[in-house]
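The structure under discussion appears below in the form of structure tokens.
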Amino acid sequence: VRACIIVMRLVSHYKYSFSQTAAAVRGWIRSRHLLSSSSTSYTPNFLIRYKSVLYSMAEGGNPVVEVSNGDNKNNETVELTEKQLKKAAKKEAKKAKFQKKIEEQKQAVANNEKSDKKEKKNVLKEVLRYEIPIPKGEKKDVSGPMPNSYSPAYVEAVWYEWWEKQGFFKPEYGGRKVTDPCPKGKFIICIPPPNVTGNLHLGHALTNSIEDAITRWHRMKGKMVLWNPGCDHAGIATQVVVEKKLKREKGISRHDLGREKFIEEVWRWKNEKGDNINNQVKRMGCSVDWERAFFTMDNRLSRAVKECFVLLHDEGIIYRSNRLVNWSCELKSAISDIEVDKQELTGRTFLRVPNYEDKVEFGVLVSFAYRVEGSDDEIVVATTRIETMLGDTAIAVHPEDQRYQHLVGKFCVHPFCDRKLPIIADDMVDMSFGTGAVKITPAHDHNDYECGKRHSLPFVEMMNAEGFITEVSPQFKGIKRFDARKAVLSALKEKGLYRDTKDHPMVVPVCSRSKDIVEPLIKPQWWLDCRGMAAEAVRAVQTEELKLIPNIHNKTWYNWLDNCRDWCISRQLWWGHRIPAYFVSFTDTDLPKGEEADGKFWVSGRNEQEAIQRAADKFKVPKEKIILRQDEDVLDTWFSSGLLPFSIFGWPDTMDDLNAFYPNSLLETGHDILFFWVARMVFFGQKLMGRPPFPEVYLHAMVRDAHGRKMSKSLGNVIDPLDVMQGISLEGLHEKLSGGNLDPTEINRAKAGQKSDYPDGIPECGADAMRFALCAYTAQGRDINLDVKRVVGYRYFCNKIWNALKFSLKILGSEFTPTHTSELSGREDVMEKWILSRLNFAVKECNKGFGSYDFPQVTTAIYNFWLYELCDVFLEYLKPIMYSGEDEEIKSTCRNVLYTCLDTGLRLVSPFMPFLSEELWQRLPRRPSDTTASICVAEYPENVGLRDQSIEEQVMLVQDVVRTIRSLKQDYLPPKARPEVNVIVKEDKLAAILTNFQNTIVTLSQINRLELLPQTATPPKGCTMTTVGSQCEVHMQLQGLVDAAKEISRLEDAILKKTSQREKLISNTQIEGYEQKVPIEVRENNQEKIDSLNTEILNLTRALEGFKTFQSETR
């Protein structure tokens, strides 16, 4: 039938001739070892017999058969039966699904172009959905039969709304109050709030998967649990998105609207789009308490922000100062360190910069000379930012550099303005780099800024907030900064001061929001003095009042906090928490006037009335003489985020939630925001609440793509979790790129990346498989190179669990009622004791792994138990018992043991796979005393009997024998062959064990008979042999089951082909410059292929030797 379908495709779509078709089908049959490789002229009988019907159907004609072989000497035309007509119609329907892809390939085939590419299957298969109408919030009806196979869309429907309505995710579930005693303890965790601007990506999915698994585990342990959800207002990101929207839709800017109208526009956008993320979180099955959801611009959180600012300003910890900041000329705002991407360049590179038509050159070191005043001497300096020389105010050399000792204290003359540059000595200079002389630009470089302070240099601003050259030099005034780069270089050449330009590796700071090049500029800003709070944060980790997990981050924590700088907390934006600080002026002109850069004329207040009173008290002036103007700037987004562990519970008011839930139990987040968020929460928690906001911080790894690259929209490797859960075509991925903010060049590059990584799109994997895969990847301290194919593999695991339960329900029967407890009855056979022992091991591994945040330990234990122990061994062992005339008491014991395994196994996997576990658990019968409504609130397994390592060791030997027999069958026999096997055992103890498990080995190995022979016995002729350890030989009978000559020929051909492939790969790795020119991921991939081919050749060679031995013995 499959061959017929192939014929129809070849004829109708590829226009193959009959001889071409016959050759193709012949190759297809030979590839399945159904035809000798020497039969080059063989034409399959069915192809001759049904030539006309196949061609007729392929061409869309009437389905008739022209019989042209010995069965009909007169070549009669025979009409198809009704059954054959139905089959033909079904095949026609299948053909339509491939029409789109076929049309794309038609042209190449019509031109007789040979293609090696195999026809790709459409990964987006038809999805089975749950169609029973259920009112929202009502329990899902699972009384009907189970579908034949697992479907994520079917399984994951309805449950979440029911869980929400039942209140399973609330700490008050079961009628408790948050102030009630909790004998089993509490578990409180706050979600790292994603930005409200867009959608979650796989990094967020990893965070949510880990946090939900931990949360569900603690809830099933009987604790009072709260996982608090929320979103961050994302000041810069949100303002940029809304500004672009206004420009695109209305052609206006925020300044055209004014501040109040613009803020209204942002709130309108937030209310329209803000639910996207919440819907994604729900779709993942996250067990958060939505009634406590927060948004960082909510009134209660805004009140906490004002309170914090005022308190710290009163203490002098928050102050105003004119300092160097990271500045985005495009945004016209200071930005935080985390919003600066460090782009590493190896040399001369041209980058695209907003508002510049041509790309701008970076990665070069330009050398030029300054003339020393009053002499013929000159000092050559070098810079990667030649335009900043307009702001130079000194030349620095090392105090011990003999080359310049005679020049220290003299002056250089600036070539473009009336400014003298002192030559100073400072040990910051590296004598071995370049000429050993360094230009100092204090107003535009962080290192130079500190040097300028040490030497009391003037701070000359050569660039304004928009990126234009200031009045420092009339020649360049008003020129854009990167146009000035060219102009300054040209002017230096004209004056004979230019020396050379060299490639130079460098790091370019790029604004992650605007893609602008970040400039260090001096601006009056609000700052937070971090020194005292940083010292307390260090002490907390040193005394283990706060634990960082894994502790490899401790050293980084100490290094950063011991050297941390004051935090610039103001941003030049409109969207965000407006700074509750007011500049004070007076109606009385006799009173002094202040400078905005000076903090002396600023007061803070929770509202304007309080600020007026504070100003009156501070300056001893009547309130009616005071004029207040609130700062236009807003606070850094991380300021409000740093307060979340207590602001979300009502601080500064004392409320039940605050008393019950502070400190939190855990913070879980990525290590990339250890300082931008984690440290600042610790700062504020210790300062305002008197203790750290949580006792433990679990820092998960970063998610990268399968090639180890950072997730980037321009690479096309940023994946929406919904696309993994629901599946998406390659075209769908491309469409998402077009809807973003990438430029056409980036879109094309991203599309190419998507086509390479996801040529068939992403298949539907479901939330459960994605969550399980992400947690399984999470090895502490390592980044995650996520391959979507592995998520697909866990979808197959879900299908395995589904099929296991479906089969088990048949074994249990509709009348089955489990015993009151899982305690042993005393009638259990050795295999029942073994599976319960392995279950006990899995339970302990899971609890141990959860307790130590070792998620791969948990997922591995679950995976191994379900797949390799329950499905591969125990269910296979049960089949002959349950389908035979065994005693009903034995069957009843087996059913109860099986039920314990299923019930416990589903509860083990529930924190990772909430949907699948709920769907299947609700289909299982309950123990008579069990009234638990949902697996969400069922008890997590603690102990399911004693572990018997003696039995486990015996079964391990049995499994080794079974695996060995299966391996031999795979190497030598067709899949359904059931050979006879002889086992020679050299120790009586091992022989006794195998004797006890003889029937089990026959069942699990799928062989006809197993005979145990004494050590002195001679095995029968015609066997292939291998060993199990040093004490056991396995002899499998081949005589009468295989054609040795044919298999030898096949294996020799295969070895020759694999060897040729290996040698070609090896020769590719030996080309000149391979290690330097070929990317590391390509080299690793090539080595993996070579290793794989070596293994294949070894296995094929072993099988070939076995067949040759067998052939010589049976001649």
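Within each chain, counting starts at residue 1; across the structure tokens, chains are named A, B, ... in the order shown, with ligands numbered 1 upward in that order.
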Counting only C-alpha atoms, which residues in segment 698-751 of chain A sit no more than 12 Å from segment 1066-1082 of chain A? For each one, give the nearest pair of atoms and the distance in Å, sorted by chain then residue number, as CSV.
```
residue,atom,partner,partner_atom,distance
A:Asp705,CA,A:Glu1081,CA,11.8
A:Ala706,CA,A:Glu1081,CA,9.7
A:His707,CA,A:Glu1081,CA,6.4
A:Gly708,CA,A:Glu1081,CA,8.2
A:Arg709,CA,A:Glu1081,CA,10.0
```
Residues of the last selection are to be written out with N, CA and C atoms, as a PDB file, in the first residue's frame.
```
ATOM      1  N   ASP A 705      20.091  28.789  22.110  1.00  0.00           N
ATOM      2  CA  ASP A 705      19.534  27.896  21.100  1.00  0.00           C
ATOM      3  C   ASP A 705      20.370  26.620  21.013  1.00  0.00           C
ATOM      4  N   ALA A 706      19.993  25.726  20.107  1.00  0.00           N
ATOM      5  CA  ALA A 706      20.654  24.430  20.013  1.00  0.00           C
ATOM      6  C   ALA A 706      22.132  24.549  19.668  1.00  0.00           C
ATOM      7  N   HIS A 707      22.530  25.697  19.081  1.00  0.00           N
ATOM      8  CA  HIS A 707      23.919  25.909  18.693  1.00  0.00           C
ATOM      9  C   HIS A 707      24.710  26.660  19.758  1.00  0.00           C
ATOM     10  N   GLY A 708      24.067  26.943  20.900  1.00  0.00           N
ATOM     11  CA  GLY A 708      24.752  27.655  21.968  1.00  0.00           C
ATOM     12  C   GLY A 708      24.747  29.160  21.803  1.00  0.00           C
ATOM     13  N   ARG A 709      23.948  29.675  20.856  1.00  0.00           N
ATOM     14  CA  ARG A 709      23.917  31.121  20.629  1.00  0.00           C
ATOM     15  C   ARG A 709      22.887  31.781  21.544  1.00  0.00           C
TER      16      ARG A 709
END
```
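If you count only C-alpha atoms and ignore residues fewer than 2 places along the chain from Ile890 of chain A, what sits within 9 Å of it is Arg827, Glu828, Asp829, Ile881, Glu886, Asp887, Glu888, Ser892, Thr893, Cys894 and Arg895 of chain A.
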Looking at only C-alpha atoms, which of A:Glu131, A:Ala660, A:Leu643, A:Glu211 is the one that sits closest to Glu172 of chain A?
A:Ala660
Excluding segment 681-696 of chain A and any residue of its chain fewer than 6 positions from it, enumerate the residues within 7 Å of it, using only C-alpha atoms, and give them as a CSV table (one decimal) with N, CA and C atoms, in the first residue's frame.
```
chain,number,residue,atom,x,y,z
A,533,MET,N,24.2,49.5,52.2
A,533,MET,CA,23.3,48.4,51.9
A,533,MET,C,24.1,47.2,51.2
A,534,ALA,N,25.1,47.5,50.4
A,534,ALA,CA,25.9,46.5,49.8
A,534,ALA,C,26.7,45.7,50.8
A,537,ALA,N,24.4,43.3,52.4
A,537,ALA,CA,24.1,42.2,51.5
A,537,ALA,C,25.2,41.2,51.5
A,545,GLU,N,22.6,33.8,56.1
A,545,GLU,CA,21.3,34.3,56.3
A,545,GLU,C,20.6,34.3,54.9
A,546,LEU,N,21.4,34.5,53.9
A,546,LEU,CA,20.9,34.4,52.5
A,546,LEU,C,21.8,33.4,51.8
A,547,LYS,N,21.2,32.5,51.1
A,547,LYS,CA,22.0,31.5,50.3
A,547,LYS,C,21.7,31.7,48.8
A,548,LEU,N,22.9,31.7,48.1
A,548,LEU,CA,22.8,31.7,46.6
A,548,LEU,C,23.0,30.3,46.1
A,642,GLY,N,12.5,46.4,42.9
A,642,GLY,CA,13.3,46.0,44.1
A,642,GLY,C,12.4,45.9,45.4
A,643,LEU,N,11.2,46.5,45.3
A,643,LEU,CA,10.4,46.6,46.5
A,643,LEU,C,9.3,45.5,46.5
A,645,PRO,N,9.0,42.2,47.0
A,645,PRO,CA,8.7,41.2,48.0
A,645,PRO,C,7.9,41.6,49.2
A,662,TYR,N,5.8,37.8,54.4
A,662,TYR,CA,7.2,38.4,54.3
A,662,TYR,C,8.0,37.9,55.5
A,663,PRO,N,9.2,37.4,55.3
A,663,PRO,CA,9.9,37.2,54.0
A,663,PRO,C,9.3,36.1,53.2
A,664,ASN,N,9.6,36.2,51.9
A,664,ASN,CA,9.2,35.1,51.0
A,664,ASN,C,10.1,33.9,51.3
A,665,SER,N,9.7,32.7,50.7
A,665,SER,CA,10.5,31.5,51.0
A,665,SER,C,11.7,31.4,50.0
A,666,LEU,N,11.5,31.9,48.8
A,666,LEU,CA,12.5,31.7,47.8
A,666,LEU,C,12.4,32.7,46.7
A,667,LEU,N,13.5,33.1,46.1
A,667,LEU,CA,13.5,33.8,44.9
A,667,LEU,C,14.1,32.9,43.8
```
Considering only alpha helix (DSSP H) as DSSP defines it on the backbone, what residues of segment 844-913 of chain A qualify? List them as a ChimeraX atom specification.
/A:844-851,855-863,876-882,888-909
For Leu878 of chain A, please output as a list in words all residues within 9 Å (counting only C-alpha atoms; exclusion window: fewer than 4 positions along the same chain).
Ile811, Val873, Phe874, Met882, Tyr883, Lys891 and Cys894 of chain A
Using only C-alpha atoms, which residues sit within 9 Å of segment 320-331 of chain A once same-chain residues fewer than 4 positions away are excluded, as a compact mmCIF listing (two decimals) with N, CA and C atoms, in the first residue's frame?
```
# COMPACT_ATOMS: atom_id res chain seq x y z
N ILE A 236 11.11 52.10 29.80
CA ILE A 236 11.63 52.44 28.47
C ILE A 236 10.96 51.61 27.39
N VAL A 240 8.73 53.21 24.32
CA VAL A 240 9.19 53.07 22.93
C VAL A 240 8.10 52.44 22.07
N ILE A 335 20.06 55.25 30.84
CA ILE A 335 19.58 53.87 30.89
C ILE A 335 20.44 53.08 31.86
N SER A 336 19.88 51.97 32.34
CA SER A 336 20.61 51.16 33.31
C SER A 336 21.62 50.26 32.61
N ASP A 337 22.54 49.71 33.39
CA ASP A 337 23.56 48.83 32.83
C ASP A 337 22.94 47.64 32.12
N VAL A 340 22.13 47.89 28.47
CA VAL A 340 23.25 48.10 27.55
C VAL A 340 23.79 46.74 27.12
N PRO A 354 20.82 54.28 14.50
CA PRO A 354 19.58 55.03 14.20
C PRO A 354 19.89 56.46 13.75
N ASN A 355 19.13 56.90 12.73
CA ASN A 355 19.19 58.27 12.21
C ASN A 355 20.46 58.54 11.39
N PRO A 442 37.24 63.68 30.49
CA PRO A 442 36.50 63.36 31.73
C PRO A 442 34.98 63.35 31.58
N ALA A 443 34.46 64.13 30.64
CA ALA A 443 33.00 64.24 30.52
C ALA A 443 32.40 63.15 29.64
N HIS A 444 33.26 62.27 29.08
CA HIS A 444 32.72 61.31 28.11
C HIS A 444 33.34 59.92 28.22
N ASP A 445 33.94 59.60 29.34
CA ASP A 445 34.54 58.27 29.52
C ASP A 445 34.60 57.99 31.02
N HIS A 446 34.20 56.75 31.39
CA HIS A 446 34.10 56.42 32.81
C HIS A 446 35.47 56.44 33.50
N TYR A 449 36.67 59.97 33.72
CA TYR A 449 35.89 60.72 34.70
C TYR A 449 36.58 60.67 36.07
N ASN A 464 25.90 67.09 23.07
CA ASN A 464 24.70 67.34 23.87
C ASN A 464 23.82 66.08 23.95
N ALA A 465 22.65 66.21 24.57
CA ALA A 465 21.79 65.04 24.83
C ALA A 465 21.25 64.42 23.55
N GLU A 466 21.20 65.21 22.44
CA GLU A 466 20.69 64.68 21.16
C GLU A 466 21.79 64.09 20.31
N GLY A 467 23.07 64.22 20.77
CA GLY A 467 24.17 63.64 20.01
C GLY A 467 24.80 64.60 19.02
N VAL A 510 25.67 49.09 23.19
CA VAL A 510 24.48 49.32 22.36
C VAL A 510 23.24 49.30 23.24
N CYS A 511 22.38 50.27 23.07
CA CYS A 511 21.13 50.32 23.83
C CYS A 511 20.22 49.20 23.35
N ARG A 513 17.18 48.76 23.78
CA ARG A 513 15.83 49.21 23.41
C ARG A 513 15.82 49.91 22.05
N SER A 514 16.78 50.84 21.84
CA SER A 514 16.75 51.67 20.64
C SER A 514 17.79 51.28 19.60
N LYS A 515 18.73 50.38 19.98
CA LYS A 515 19.86 49.98 19.13
C LYS A 515 20.81 51.13 18.87
N ASP A 516 20.70 52.17 19.67
CA ASP A 516 21.59 53.31 19.56
C ASP A 516 22.92 52.99 20.26
N ILE A 517 23.99 53.68 19.85
CA ILE A 517 25.28 53.54 20.53
C ILE A 517 25.22 54.38 21.81
N VAL A 518 25.48 53.76 22.92
CA VAL A 518 25.37 54.43 24.21
C VAL A 518 26.57 55.36 24.42
N GLU A 519 26.29 56.56 24.90
CA GLU A 519 27.34 57.54 25.16
C GLU A 519 27.43 57.83 26.66
N PRO A 520 28.62 57.87 27.22
CA PRO A 520 28.75 58.36 28.60
C PRO A 520 28.64 59.89 28.60
N LEU A 521 27.60 60.42 29.26
CA LEU A 521 27.40 61.86 29.34
C LEU A 521 27.20 62.27 30.80
N ILE A 522 27.56 63.50 31.11
CA ILE A 522 27.33 64.02 32.46
C ILE A 522 25.96 64.69 32.51
N LYS A 523 25.13 64.22 33.44
CA LYS A 523 23.78 64.73 33.59
C LYS A 523 23.42 64.82 35.07
N PRO A 524 22.65 65.85 35.46
CA PRO A 524 22.16 65.89 36.85
C PRO A 524 21.10 64.81 37.04
N GLN A 525 21.32 63.91 37.95
CA GLN A 525 20.44 62.76 38.15
C GLN A 525 20.26 62.52 39.65
N TRP A 526 19.29 61.66 39.95
CA TRP A 526 19.10 61.17 41.32
C TRP A 526 19.89 59.88 41.48
N TRP A 527 20.59 59.78 42.59
CA TRP A 527 21.46 58.63 42.85
C TRP A 527 21.12 58.01 44.19
N LEU A 528 21.42 56.71 44.28
CA LEU A 528 21.23 56.00 45.55
C LEU A 528 22.59 55.49 46.02
N CYS A 568 22.30 55.15 39.64
CA CYS A 568 21.53 56.23 39.03
C CYS A 568 20.09 55.75 38.89
N GLN A 572 14.84 59.77 32.02
CA GLN A 572 14.20 60.90 31.36
C GLN A 572 13.04 60.40 30.50
N LEU A 573 12.03 59.89 31.17
CA LEU A 573 10.86 59.31 30.50
C LEU A 573 9.59 59.93 31.06
N GLU A 596 19.47 73.43 39.62
CA GLU A 596 18.80 72.13 39.54
C GLU A 596 19.76 70.98 39.78
N ALA A 597 21.02 71.17 39.40
CA ALA A 597 22.00 70.11 39.61
C ALA A 597 22.39 69.97 41.07
N ASP A 598 22.03 70.96 41.87
CA ASP A 598 22.37 70.98 43.29
C ASP A 598 21.21 70.42 44.10
N GLY A 599 21.44 69.40 44.90
CA GLY A 599 20.38 68.79 45.68
C GLY A 599 19.88 69.63 46.83
N LYS A 600 20.54 70.76 47.13
CA LYS A 600 20.14 71.56 48.28
C LYS A 600 18.77 72.21 48.11
N TRP A 602 16.14 70.90 46.61
CA TRP A 602 15.14 69.88 46.31
C TRP A 602 14.59 69.32 47.62
```
So, counting only C-alpha atoms, which residue among A:Lys736, A:Leu968, A:Ala701, A:Pro509 is closest to Glu344 of chain A?
A:Pro509
Report the residues of segment 150-390 of chain A whose backbone DSSP state falls under strand (DSSP E or B), written as a PyMOL selection string.
chain A and resi 186-190+195+224-228+230-232+294-295+318-328+333-334+340-345+349-351+360-362+364-372+378-383
Using only C-alpha atoms, which residues sit within 10 Å of Thr1026 of chain A once same-chain residues fewer than 6 positions away are excluded, as a ChimeraX atom specification?
/A:964-965,967-968,983,1032-1036,1106
Please, could you write that set of residues out with all heavy atoms as an mmCIF file, in the first residue's frame?
```cif
data_model
loop_
_atom_site.group_PDB
_atom_site.id
_atom_site.type_symbol
_atom_site.label_atom_id
_atom_site.label_comp_id
_atom_site.auth_asym_id
_atom_site.auth_seq_id
_atom_site.Cartn_x
_atom_site.Cartn_y
_atom_site.Cartn_z
ATOM 1 N N THR A 964 20.632 -8.008 26.230
ATOM 2 C CA THR A 964 21.583 -8.700 25.363
ATOM 3 C C THR A 964 20.853 -9.494 24.289
ATOM 4 O O THR A 964 21.230 -9.457 23.107
ATOM 5 C CB THR A 964 22.471 -9.633 26.201
ATOM 6 O OG1 THR A 964 23.171 -8.865 27.181
ATOM 7 C CG2 THR A 964 23.479 -10.357 25.323
ATOM 8 N N ILE A 965 19.805 -10.200 24.683
ATOM 9 C CA ILE A 965 19.024 -10.985 23.706
ATOM 10 C C ILE A 965 18.376 -10.057 22.686
ATOM 11 O O ILE A 965 18.387 -10.324 21.472
ATOM 12 C CB ILE A 965 17.969 -11.838 24.429
ATOM 13 C CG1 ILE A 965 18.651 -12.890 25.327
ATOM 14 C CG2 ILE A 965 17.041 -12.521 23.427
ATOM 15 C CD1 ILE A 965 17.697 -13.669 26.212
ATOM 16 N N SER A 967 19.357 -7.150 21.759
ATOM 17 C CA SER A 967 20.394 -6.594 20.890
ATOM 18 C C SER A 967 20.785 -7.593 19.812
ATOM 19 O O SER A 967 20.962 -7.224 18.639
ATOM 20 C CB SER A 967 21.610 -6.199 21.733
ATOM 21 O OG SER A 967 22.643 -5.693 20.916
ATOM 22 N N LEU A 968 20.910 -8.860 20.202
ATOM 23 C CA LEU A 968 21.228 -9.893 19.212
ATOM 24 C C LEU A 968 20.115 -10.016 18.178
ATOM 25 O O LEU A 968 20.374 -10.137 16.975
ATOM 26 C CB LEU A 968 21.434 -11.234 19.912
ATOM 27 C CG LEU A 968 22.759 -11.426 20.680
ATOM 28 C CD1 LEU A 968 22.747 -12.757 21.413
ATOM 29 C CD2 LEU A 968 23.944 -11.354 19.726
ATOM 30 N N VAL A 983 21.390 -20.165 27.442
ATOM 31 C CA VAL A 983 22.242 -19.356 28.295
ATOM 32 C C VAL A 983 23.112 -20.287 29.137
ATOM 33 O O VAL A 983 22.598 -21.176 29.824
ATOM 34 C CB VAL A 983 21.424 -18.430 29.210
ATOM 35 C CG1 VAL A 983 22.350 -17.670 30.156
ATOM 36 C CG2 VAL A 983 20.602 -17.448 28.379
ATOM 37 N N CYS A 1032 28.370 -15.172 32.146
ATOM 38 C CA CYS A 1032 27.151 -15.612 31.452
ATOM 39 C C CYS A 1032 27.344 -15.498 29.944
ATOM 40 O O CYS A 1032 27.801 -14.474 29.446
ATOM 41 C CB CYS A 1032 25.988 -14.740 31.921
ATOM 42 S SG CYS A 1032 24.377 -15.352 31.471
ATOM 43 N N GLU A 1033 27.009 -16.576 29.203
ATOM 44 C CA GLU A 1033 27.068 -16.574 27.742
ATOM 45 C C GLU A 1033 25.650 -16.749 27.191
ATOM 46 O O GLU A 1033 24.888 -17.597 27.669
ATOM 47 C CB GLU A 1033 27.940 -17.729 27.229
ATOM 48 C CG GLU A 1033 29.416 -17.603 27.568
ATOM 49 C CD GLU A 1033 30.211 -18.781 27.032
ATOM 50 O OE1 GLU A 1033 29.605 -19.667 26.382
ATOM 51 O OE2 GLU A 1033 31.435 -18.831 27.276
ATOM 52 N N VAL A 1034 25.318 -15.957 26.165
ATOM 53 C CA VAL A 1034 24.009 -16.045 25.529
ATOM 54 C C VAL A 1034 24.208 -16.544 24.100
ATOM 55 O O VAL A 1034 24.948 -15.930 23.318
ATOM 56 C CB VAL A 1034 23.293 -14.683 25.520
ATOM 57 C CG1 VAL A 1034 21.984 -14.778 24.745
ATOM 58 C CG2 VAL A 1034 23.039 -14.190 26.938
ATOM 59 N N HIS A 1035 23.562 -17.674 23.770
ATOM 60 C CA HIS A 1035 23.643 -18.275 22.439
ATOM 61 C C HIS A 1035 22.255 -18.226 21.806
ATOM 62 O O HIS A 1035 21.315 -18.835 22.328
ATOM 63 C CB HIS A 1035 24.125 -19.723 22.523
ATOM 64 C CG HIS A 1035 25.498 -19.858 23.115
ATOM 65 N ND1 HIS A 1035 26.638 -19.991 22.352
ATOM 66 C CD2 HIS A 1035 25.917 -19.862 24.416
ATOM 67 C CE1 HIS A 1035 27.698 -20.081 23.141
ATOM 68 N NE2 HIS A 1035 27.285 -20.007 24.407
ATOM 69 N N MET A 1036 22.133 -17.492 20.685
ATOM 70 C CA MET A 1036 20.832 -17.363 20.026
ATOM 71 C C MET A 1036 20.829 -18.159 18.719
ATOM 72 O O MET A 1036 21.726 -17.988 17.878
ATOM 73 C CB MET A 1036 20.510 -15.897 19.743
ATOM 74 C CG MET A 1036 19.103 -15.666 19.195
ATOM 75 S SD MET A 1036 18.735 -13.898 18.998
ATOM 76 C CE MET A 1036 19.757 -13.520 17.577
ATOM 77 N N GLY A 1106 29.636 -12.450 13.161
ATOM 78 C CA GLY A 1106 28.708 -13.451 13.679
ATOM 79 C C GLY A 1106 28.063 -14.264 12.573
ATOM 80 O O GLY A 1106 27.939 -15.492 12.674
#
```
Give me, please, the distance in Å between atom CA of Thr501 of chain A and atom CA of Leu351 of chain A, quoted to one decimal.
17.8 Å
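Minimum distance to Ala293 of chain A across A:Cys190, A:Val937, A:Leu311, A:Leu591 (counting only C-alpha atoms) occurs at A:Cys190.
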